[in-house]
>>> print(open('my_file-v8.txt').read())   # compact mmCIF, C-alpha atoms
# COMPACT_ATOMS: atom_id res chain seq x y z
CA MET N 1 -164.62 -26.92 -25.78
CA LYS N 2 -166.55 -30.12 -25.08
CA LYS N 3 -167.32 -30.55 -28.78
CA LEU N 4 -163.70 -30.47 -29.92
CA LEU N 5 -163.00 -34.13 -29.19
CA PHE N 6 -166.40 -35.18 -30.51
CA ILE N 7 -165.43 -33.49 -33.78
CA THR N 8 -162.08 -35.24 -33.85
CA LEU N 9 -163.91 -38.55 -33.42
CA LEU N 10 -165.80 -37.91 -36.66
CA PHE N 11 -162.56 -37.02 -38.40
CA PHE N 12 -160.70 -40.12 -37.34
CA SER N 13 -162.77 -42.54 -39.39
CA THR N 14 -160.10 -45.09 -40.32
CA PHE N 15 -161.44 -47.61 -42.81
CA GLY N 16 -160.76 -51.30 -42.37
CA PHE N 17 -158.58 -52.29 -45.28
CA SER N 18 -155.80 -53.68 -43.03
CA LYS N 19 -155.80 -56.04 -40.09
CA ASN N 20 -153.70 -53.81 -37.85
CA MET N 21 -153.24 -50.08 -38.18
CA SER N 22 -152.13 -47.11 -36.09
CA VAL N 23 -152.77 -43.53 -37.26
CA ASN N 24 -151.89 -40.18 -35.67
CA TYR N 25 -153.81 -36.96 -36.37
CA GLY N 26 -153.63 -33.29 -35.48
CA VAL N 27 -156.55 -30.85 -35.33
CA SER N 28 -156.06 -27.14 -35.97
CA PHE N 29 -158.51 -24.25 -35.77
CA GLY N 30 -157.69 -21.15 -37.80
CA VAL N 31 -155.42 -18.62 -36.09
CA LEU N 32 -155.46 -20.63 -32.84
CA GLY N 33 -153.25 -23.32 -34.35
CA GLU N 34 -153.23 -26.97 -33.28
CA LEU N 35 -155.75 -27.69 -30.53
CA GLY N 36 -155.93 -31.47 -30.35
CA VAL N 37 -154.13 -34.70 -31.23
CA ALA N 38 -155.31 -38.29 -31.41
CA ASN N 39 -154.18 -41.80 -32.10
CA VAL N 40 -156.38 -44.42 -33.78
CA LYS N 41 -155.62 -48.13 -33.51
CA LEU N 42 -157.37 -50.90 -35.40
CA THR N 43 -156.74 -54.51 -34.35
CA GLN N 44 -158.30 -57.41 -36.19
CA SER N 45 -158.00 -61.14 -35.49
CA ASP N 46 -160.07 -63.74 -37.32
CA ASN N 47 -163.64 -62.45 -37.15
CA ARG N 48 -163.12 -60.09 -34.19
CA TYR N 49 -162.06 -56.44 -34.23
CA SER N 50 -161.20 -53.63 -31.83
CA ILE N 51 -160.98 -49.89 -32.59
CA ASP N 52 -159.30 -47.69 -29.99
CA ILE N 53 -159.17 -43.88 -30.27
CA HIS N 54 -157.31 -41.80 -27.70
CA ALA N 55 -157.74 -38.04 -28.13
CA LYS N 56 -156.51 -35.14 -26.02
CA THR N 57 -156.53 -31.37 -26.11
CA ILE N 58 -153.29 -29.42 -26.26
CA GLY N 59 -152.20 -25.79 -26.08
CA ILE N 60 -154.74 -23.16 -25.05
CA VAL N 61 -157.63 -25.63 -25.22
CA ARG N 62 -155.92 -27.96 -22.76
CA ALA N 63 -156.05 -25.30 -20.04
CA MET N 64 -159.56 -24.14 -20.96
CA SER N 65 -160.89 -27.72 -20.91
CA LYS N 66 -159.09 -28.75 -17.68
CA ASN N 67 -156.82 -31.15 -19.55
CA ARG N 68 -159.73 -32.93 -21.21
CA THR N 69 -158.99 -36.34 -22.72
CA GLU N 70 -161.25 -38.92 -24.34
CA ARG N 71 -160.92 -42.56 -25.23
CA HIS N 72 -163.39 -44.39 -27.48
CA ILE N 73 -163.28 -48.17 -27.79
CA GLY N 74 -165.48 -50.15 -30.16
CA GLU N 75 -165.42 -53.95 -30.22
CA GLY N 76 -167.36 -56.46 -32.24
CA HIS N 77 -167.36 -59.12 -34.92
CA ILE N 78 -167.03 -59.22 -38.70
CA ILE N 79 -169.46 -60.91 -41.08
CA ASN N 80 -168.80 -60.85 -44.85
CA GLY N 81 -166.48 -57.87 -44.46
CA LYS N 82 -168.95 -55.83 -42.40
CA TYR N 83 -168.01 -54.60 -38.92
CA ILE N 84 -170.84 -55.28 -36.46
CA SER N 85 -170.55 -53.64 -33.06
CA ASP N 86 -171.13 -55.57 -29.85
CA SER N 87 -170.00 -52.84 -27.45
CA TYR N 88 -168.91 -49.21 -27.51
CA ARG N 89 -167.24 -47.46 -24.56
CA VAL N 90 -166.40 -43.82 -24.02
CA PHE N 91 -164.10 -42.55 -21.25
CA ILE N 92 -163.88 -38.80 -20.60
CA SER N 93 -161.76 -37.04 -17.99
CA PHE N 94 -161.31 -33.37 -17.17
CA GLY N 95 -160.06 -31.82 -13.96
CA ASN N 96 -161.22 -33.96 -11.02
CA LYS N 97 -164.17 -35.44 -12.92
CA THR N 98 -164.62 -38.50 -15.11
CA LYS N 99 -167.50 -39.81 -17.18
CA GLU N 100 -167.85 -43.32 -18.61
CA LYS N 101 -170.49 -44.38 -21.14
CA ILE N 102 -170.89 -48.09 -21.81
CA TYR N 103 -173.12 -49.22 -24.68
CA THR N 104 -174.06 -52.89 -25.02
CA ILE N 105 -175.77 -54.11 -28.19
CA ASN N 106 -177.91 -57.27 -28.03
CA HIS N 107 -178.44 -58.33 -31.63
CA LYS N 108 -180.86 -61.13 -30.75
CA THR N 109 -183.31 -58.88 -28.91
CA LYS N 110 -182.32 -55.77 -30.91
CA VAL N 111 -181.91 -53.80 -27.71
CA VAL N 112 -179.16 -51.28 -26.92
CA THR N 113 -178.45 -50.36 -23.31
CA LYS N 114 -176.44 -47.36 -22.17
CA GLN N 115 -174.81 -47.10 -18.76
CA ILE N 116 -173.41 -43.80 -17.48
CA ILE N 117 -170.98 -43.62 -14.58
CA ARG N 118 -169.88 -40.19 -13.34
CA LYS N 119 -167.17 -39.70 -10.74
CA LYS N 120 -165.82 -36.71 -8.85
CA ASP N 121 -162.58 -37.03 -6.93
CA GLY N 122 -162.76 -40.79 -7.59
CA LYS N 123 -166.20 -41.18 -5.98
CA ILE N 124 -169.26 -42.31 -7.96
CA ILE N 125 -171.94 -39.59 -8.04
CA ILE N 126 -174.11 -41.03 -10.84
CA ASN N 127 -174.60 -44.63 -12.00
CA SER N 128 -177.59 -45.02 -14.31
CA THR N 129 -178.70 -47.41 -17.05
CA GLU N 130 -181.25 -46.84 -19.82
CA LYS N 131 -182.46 -48.50 -23.00
CA LEU N 132 -181.96 -46.50 -26.18
CA PRO N 133 -185.06 -45.85 -28.31
CA PHE N 134 -183.40 -47.34 -31.39
CA TYR N 135 -181.29 -50.33 -32.42
CA SER N 136 -178.37 -50.43 -34.82
CA GLN N 137 -175.60 -52.86 -35.71
CA ASN N 138 -173.30 -49.84 -35.96
CA ASP N 139 -171.71 -47.63 -33.36
CA LEU N 140 -170.00 -44.41 -34.47
CA LEU N 141 -166.72 -46.22 -35.10
CA SER N 142 -168.00 -49.27 -36.98
CA LEU N 143 -170.22 -47.02 -39.13
CA TYR N 144 -167.20 -45.30 -40.65
CA MET N 145 -165.38 -48.60 -41.02
CA ASN N 146 -168.33 -49.84 -43.07
CA THR N 147 -168.76 -46.71 -45.14
CA PRO N 148 -166.79 -47.86 -48.24
CA ILE N 149 -169.05 -50.89 -48.76
CA GLN N 150 -172.22 -48.90 -48.14
CA ILE N 151 -171.73 -45.89 -50.41
CA ALA N 152 -171.15 -45.57 -54.14
CA LEU N 153 -168.35 -43.73 -55.88
CA PRO N 154 -169.26 -40.29 -57.31
CA GLY N 155 -171.68 -40.42 -60.23
CA SER N 156 -173.56 -37.89 -62.33
CA ASP N 157 -175.81 -37.06 -59.37
CA ALA N 158 -175.03 -36.55 -55.69
CA LYS N 159 -176.25 -39.30 -53.35
CA VAL N 160 -177.34 -39.10 -49.73
CA TYR N 161 -177.21 -42.04 -47.30
CA ARG N 162 -178.77 -42.07 -43.83
CA PHE N 163 -177.66 -44.40 -41.06
CA LYS N 164 -178.35 -45.08 -37.39
CA ALA N 165 -175.37 -45.30 -35.06
CA VAL N 166 -175.05 -46.10 -31.36
CA GLY N 167 -173.33 -43.14 -29.70
CA ALA N 168 -175.15 -40.57 -31.82
CA GLU N 169 -178.28 -40.44 -29.67
CA ASN N 170 -178.03 -36.65 -29.28
CA GLN N 171 -179.22 -36.55 -32.90
CA ASP N 172 -181.64 -39.47 -32.42
CA GLY N 173 -178.98 -41.85 -33.73
CA ASN N 174 -179.00 -40.27 -37.18
CA VAL N 175 -175.87 -39.74 -39.27
CA GLU N 176 -176.05 -38.57 -42.88
CA ILE N 177 -173.36 -39.18 -45.50
CA ARG N 178 -173.42 -37.29 -48.82
CA VAL N 179 -171.36 -38.43 -51.82
CA PRO N 180 -170.77 -35.51 -54.20
CA SER N 181 -171.56 -35.61 -57.90
CA LYS N 182 -168.72 -35.71 -60.44
CA ASP N 183 -169.27 -32.00 -61.08
CA GLU N 184 -168.68 -31.27 -57.37
CA ILE N 185 -165.54 -33.37 -56.99
CA ALA N 186 -163.25 -30.55 -58.14
CA ARG N 187 -164.22 -28.49 -55.10
CA TYR N 188 -163.52 -31.39 -52.74
CA GLN N 189 -160.14 -32.01 -54.37
CA LYS N 190 -159.24 -28.33 -54.04
CA GLU N 191 -160.11 -28.28 -50.34
CA LEU N 192 -158.91 -31.76 -49.33
CA GLY N 193 -156.16 -32.60 -51.80
CA ASP N 194 -156.13 -34.46 -55.10
CA GLY N 195 -155.67 -38.16 -55.78
CA HIS N 196 -157.69 -39.72 -52.93
CA LYS N 197 -160.06 -42.66 -53.33
CA HIS N 198 -163.14 -41.38 -51.49
CA TYR N 199 -164.57 -37.90 -51.04
CA PHE N 200 -167.76 -37.35 -49.07
CA LYS N 201 -169.51 -35.17 -46.52
CA VAL N 202 -170.73 -36.26 -43.09
CA ILE N 203 -173.73 -34.36 -41.70
CA ILE N 204 -174.59 -34.85 -38.03
CA ASN N 205 -177.53 -32.40 -37.97
CA GLN N 206 -176.58 -30.50 -34.85
CA PRO N 207 -174.83 -27.14 -34.33
CA ILE N 208 -171.05 -27.37 -33.99
CA PHE N 209 -169.36 -24.05 -33.13
CA ALA N 210 -170.90 -21.68 -35.73
CA SER N 211 -171.85 -24.46 -38.14
CA LYS N 212 -175.63 -24.99 -37.94
CA ARG N 213 -175.74 -28.56 -39.27
CA GLY N 214 -172.26 -29.82 -38.50
CA GLU N 215 -171.13 -30.62 -42.07
CA PHE N 216 -167.68 -32.17 -42.52
CA MET N 217 -165.85 -32.61 -45.84
CA ILE N 218 -163.68 -35.75 -45.70
CA SER N 219 -161.14 -37.42 -48.00
CA VAL N 220 -159.92 -41.02 -47.67
CA ASP N 221 -156.63 -42.14 -49.22
CA ASN N 222 -155.88 -45.29 -51.19
CA ASN N 223 -154.92 -47.16 -47.99
CA GLY N 224 -158.43 -46.63 -46.66
CA VAL N 225 -157.36 -44.01 -44.10
CA THR N 226 -158.91 -40.59 -43.56
CA HIS N 227 -156.39 -38.11 -44.95
CA LYS N 228 -158.03 -34.78 -44.19
CA ALA N 229 -161.33 -33.35 -42.96
CA ILE N 230 -162.66 -29.81 -42.77
CA LEU N 231 -165.47 -28.06 -40.93
CA GLN N 232 -165.52 -24.82 -42.90
CA ASP N 233 -166.02 -21.08 -42.39
CA LEU N 234 -166.58 -20.94 -38.67
CA LEU N 235 -167.27 -17.62 -37.00
CA LEU N 236 -164.11 -15.58 -36.23
CA PHE N 237 -161.53 -18.35 -36.45
CA GLY N 238 -161.86 -19.84 -39.95
CA ASP N 239 -161.78 -23.57 -40.71
CA LEU N 240 -161.41 -26.47 -38.30
CA VAL N 241 -159.03 -28.90 -40.01
CA ALA N 242 -157.91 -32.43 -39.12
CA THR N 243 -154.91 -33.85 -40.98
CA LYS N 244 -153.21 -37.23 -40.90
CA LYS N 245 -149.66 -37.01 -39.57
CA ILE N 246 -148.46 -40.59 -39.84
CA ASN N 247 -149.90 -44.06 -40.17
CA ILE N 248 -148.35 -47.48 -39.62
CA ILE N 249 -150.00 -50.42 -41.35
CA ASP N 250 -149.28 -54.05 -40.53
CA GLN N 251 -150.93 -56.34 -43.03
>>> encode(input="my_file-v8.txt", output="structure tokens")
Amino acid sequence: MKKLLFITLLFFSTFGFSKNMSVNYGVSFGVLGELGVANVKLTQSDNRYSIDIHAKTIGIVRAMSKNRTERHIGEGHIINGKYISDSYRVFISFGNKTKEKIYTINHKTKVVTKQIIRKKDGKIIINSTEKLPFYSQNDLLSLYMNTPIQIALPGSDAKVYRFKAVGAENQDGNVEIRVPSKDEIARYQKELGDGHKHYFKVIINQPIFASKRGEFMISVDNNGVTHKAILQDLLLFGDLVATKKINIIDQ
């Protein structure tokens, strides 16, 4: 169940059309029902921003994952409407163990460092620091915030965009976004709902449950908020679906 909250992170890609925003989501998995919930908060002041995602497992998954919770915090600055990450932190807890990942991005030297701190029963058992083999102005959160200004609306042909993102080092930092052609839009609207502003697919190129490439269909509403996302046709259980429950926007 480790991958459940990683999947929810991809789903909760709130786009930055408002200065302050709070969005709640639920994640369901076929006949198993709702397995996870999360809250996404975007705070923006002048040229600084903060994105805070707090996700937790519920129901049967909560017991199986030892009450696993995750918190992802991305902070940085904004230049010409683009979100540029300065730091990205991940906090994971389950049972008597915790794991903290701290990414620091030095834009002058184009170096990204990653520190990992693991604790058991409150005692540090691992504290290591390494330099990532790639540099990017984006972490996983800022990448999705920037998506609307980096991709085109659907045209006669499908388009594929490839990006590097800090936090995606398990796939060498690579994240792929595919914008469907106009002929394919009808399928997206059928699966994700009609009347949304953006429809696209995120491909993380690693196996997720029974999905070989980890392909997610995503729709974004007119407020710039992810409305629904689907990882389809998984073995035994059906689709993994994330749906927006409520969002509060403060302009």
>>> closest_residue(input="my_file-v8.txt", among="N:Glu75, N:Phe94, N:Val166, N:Arg89", to="Thr57 (chain N)", atoms="only C-alpha atoms")
N:Phe94
>>> residues_around(input="my_file-v8.txt", residues="Lys182 (chain N)", least_positions_apart="2", cutoff="9 Å", atoms="only C-alpha atoms", output="PyMOL selection string")
chain N and resi 154-158+180+184-186
>>> residues_around(input="my_file-v8.txt", residues="Gln189 (chain N)", least_positions_apart="6", cutoff="10 Å", atoms="only C-alpha atoms", output="PyMOL selection string")
chain N and resi 195-196+199+219
>>> closest_residue(input="my_file-v8.txt", among="N:Ala229, N:Ile177, N:Val112, N:Val220", to="Val202 (chain N)", atoms="all atoms listed in the file")
N:Ile177
>>> closest_residue(input="my_file-v8.txt", among="N:Asp172, N:Glu100, N:Glu130, N:Asp139", to="Arg118 (chain N)", atoms="all atoms listed in the file")
N:Glu100
>>> axis_aligned_box(input="my_file-v8.txt", around="region 225-232 of chain N", padding_each_side="3 Å", output="AutoDock Vina command-line options")
--center_x -161.0 --center_y -34.4 --center_z -42.9 --size_x 15.1 --size_y 25.2 --size_z 10.0
>>> closest_residue(input="my_file-v8.txt", among="N:Ser128, N:Ser136, N:Ser45, N:Asn80", to="Ala168 (chain N)", atoms="only C-alpha atoms")
N:Ser136
>>> closest_residue(input="my_file-v8.txt", among="N:Tyr103, N:Phe200, N:Leu231, N:Gly193", to="Glu169 (chain N)", atoms="all atoms listed in the file")
N:Tyr103
>>> atom_distance(input="my_file-v8.txt", atom1="CA of Asp121 (chain N)", atom2="CA of Val40 (chain N)")
28.5 Å
>>> build_atoms(input="my_file-v8.txt", residues="region 171-182 of chain N", atoms="N, CA, C and O atoms", output="PDB file, keeping the file's coordinate frame")
ATOM      1  N   GLN N 171    -178.498 -36.857 -31.664  1.00  0.00           N
ATOM      2  CA  GLN N 171    -179.220 -36.550 -32.900  1.00  0.00           C
ATOM      3  C   GLN N 171    -180.126 -37.719 -33.282  1.00  0.00           C
ATOM      4  O   GLN N 171    -180.271 -38.047 -34.440  1.00  0.00           O
ATOM      5  N   ASP N 172    -180.715 -38.349 -32.241  1.00  0.00           N
ATOM      6  CA  ASP N 172    -181.640 -39.470 -32.420  1.00  0.00           C
ATOM      7  C   ASP N 172    -181.004 -40.634 -33.176  1.00  0.00           C
ATOM      8  O   ASP N 172    -181.705 -41.409 -33.852  1.00  0.00           O
ATOM      9  N   GLY N 173    -179.689 -40.749 -33.075  1.00  0.00           N
ATOM     10  CA  GLY N 173    -178.980 -41.850 -33.730  1.00  0.00           C
ATOM     11  C   GLY N 173    -178.709 -41.642 -35.196  1.00  0.00           C
ATOM     12  O   GLY N 173    -178.137 -42.513 -35.846  1.00  0.00           O
ATOM     13  N   ASN N 174    -179.082 -40.485 -35.740  1.00  0.00           N
ATOM     14  CA  ASN N 174    -179.000 -40.270 -37.180  1.00  0.00           C
ATOM     15  C   ASN N 174    -177.672 -39.671 -37.613  1.00  0.00           C
ATOM     16  O   ASN N 174    -177.210 -38.682 -37.046  1.00  0.00           O
ATOM     17  N   VAL N 175    -177.065 -40.275 -38.623  1.00  0.00           N
ATOM     18  CA  VAL N 175    -175.870 -39.740 -39.270  1.00  0.00           C
ATOM     19  C   VAL N 175    -176.118 -39.782 -40.773  1.00  0.00           C
ATOM     20  O   VAL N 175    -176.586 -40.783 -41.309  1.00  0.00           O
ATOM     21  N   GLU N 176    -175.809 -38.679 -41.441  1.00  0.00           N
ATOM     22  CA  GLU N 176    -176.050 -38.570 -42.880  1.00  0.00           C
ATOM     23  C   GLU N 176    -174.725 -38.458 -43.615  1.00  0.00           C
ATOM     24  O   GLU N 176    -173.843 -37.694 -43.205  1.00  0.00           O
ATOM     25  N   ILE N 177    -174.565 -39.228 -44.691  1.00  0.00           N
ATOM     26  CA  ILE N 177    -173.360 -39.180 -45.500  1.00  0.00           C
ATOM     27  C   ILE N 177    -173.754 -38.816 -46.936  1.00  0.00           C
ATOM     28  O   ILE N 177    -174.626 -39.457 -47.530  1.00  0.00           O
ATOM     29  N   ARG N 178    -173.099 -37.779 -47.475  1.00  0.00           N
ATOM     30  CA  ARG N 178    -173.420 -37.290 -48.820  1.00  0.00           C
ATOM     31  C   ARG N 178    -172.215 -37.485 -49.735  1.00  0.00           C
ATOM     32  O   ARG N 178    -171.117 -36.992 -49.449  1.00  0.00           O
ATOM     33  N   VAL N 179    -172.405 -38.234 -50.817  1.00  0.00           N
ATOM     34  CA  VAL N 179    -171.360 -38.430 -51.820  1.00  0.00           C
ATOM     35  C   VAL N 179    -171.578 -37.399 -52.923  1.00  0.00           C
ATOM     36  O   VAL N 179    -172.665 -37.327 -53.500  1.00  0.00           O
ATOM     37  N   PRO N 180    -170.581 -36.574 -53.209  1.00  0.00           N
ATOM     38  CA  PRO N 180    -170.770 -35.510 -54.200  1.00  0.00           C
ATOM     39  C   PRO N 180    -170.918 -36.059 -55.617  1.00  0.00           C
ATOM     40  O   PRO N 180    -170.501 -37.193 -55.911  1.00  0.00           O
ATOM     41  N   SER N 181    -171.489 -35.262 -56.487  1.00  0.00           N
ATOM     42  CA  SER N 181    -171.560 -35.610 -57.900  1.00  0.00           C
ATOM     43  C   SER N 181    -170.188 -35.392 -58.543  1.00  0.00           C
ATOM     44  O   SER N 181    -169.304 -34.761 -57.962  1.00  0.00           O
ATOM     45  N   LYS N 182    -169.994 -35.902 -59.749  1.00  0.00           N
ATOM     46  CA  LYS N 182    -168.720 -35.710 -60.440  1.00  0.00           C
ATOM     47  C   LYS N 182    -168.426 -34.242 -60.664  1.00  0.00           C
ATOM     48  O   LYS N 182    -167.262 -33.811 -60.634  1.00  0.00           O
TER      49      LYS N 182
END
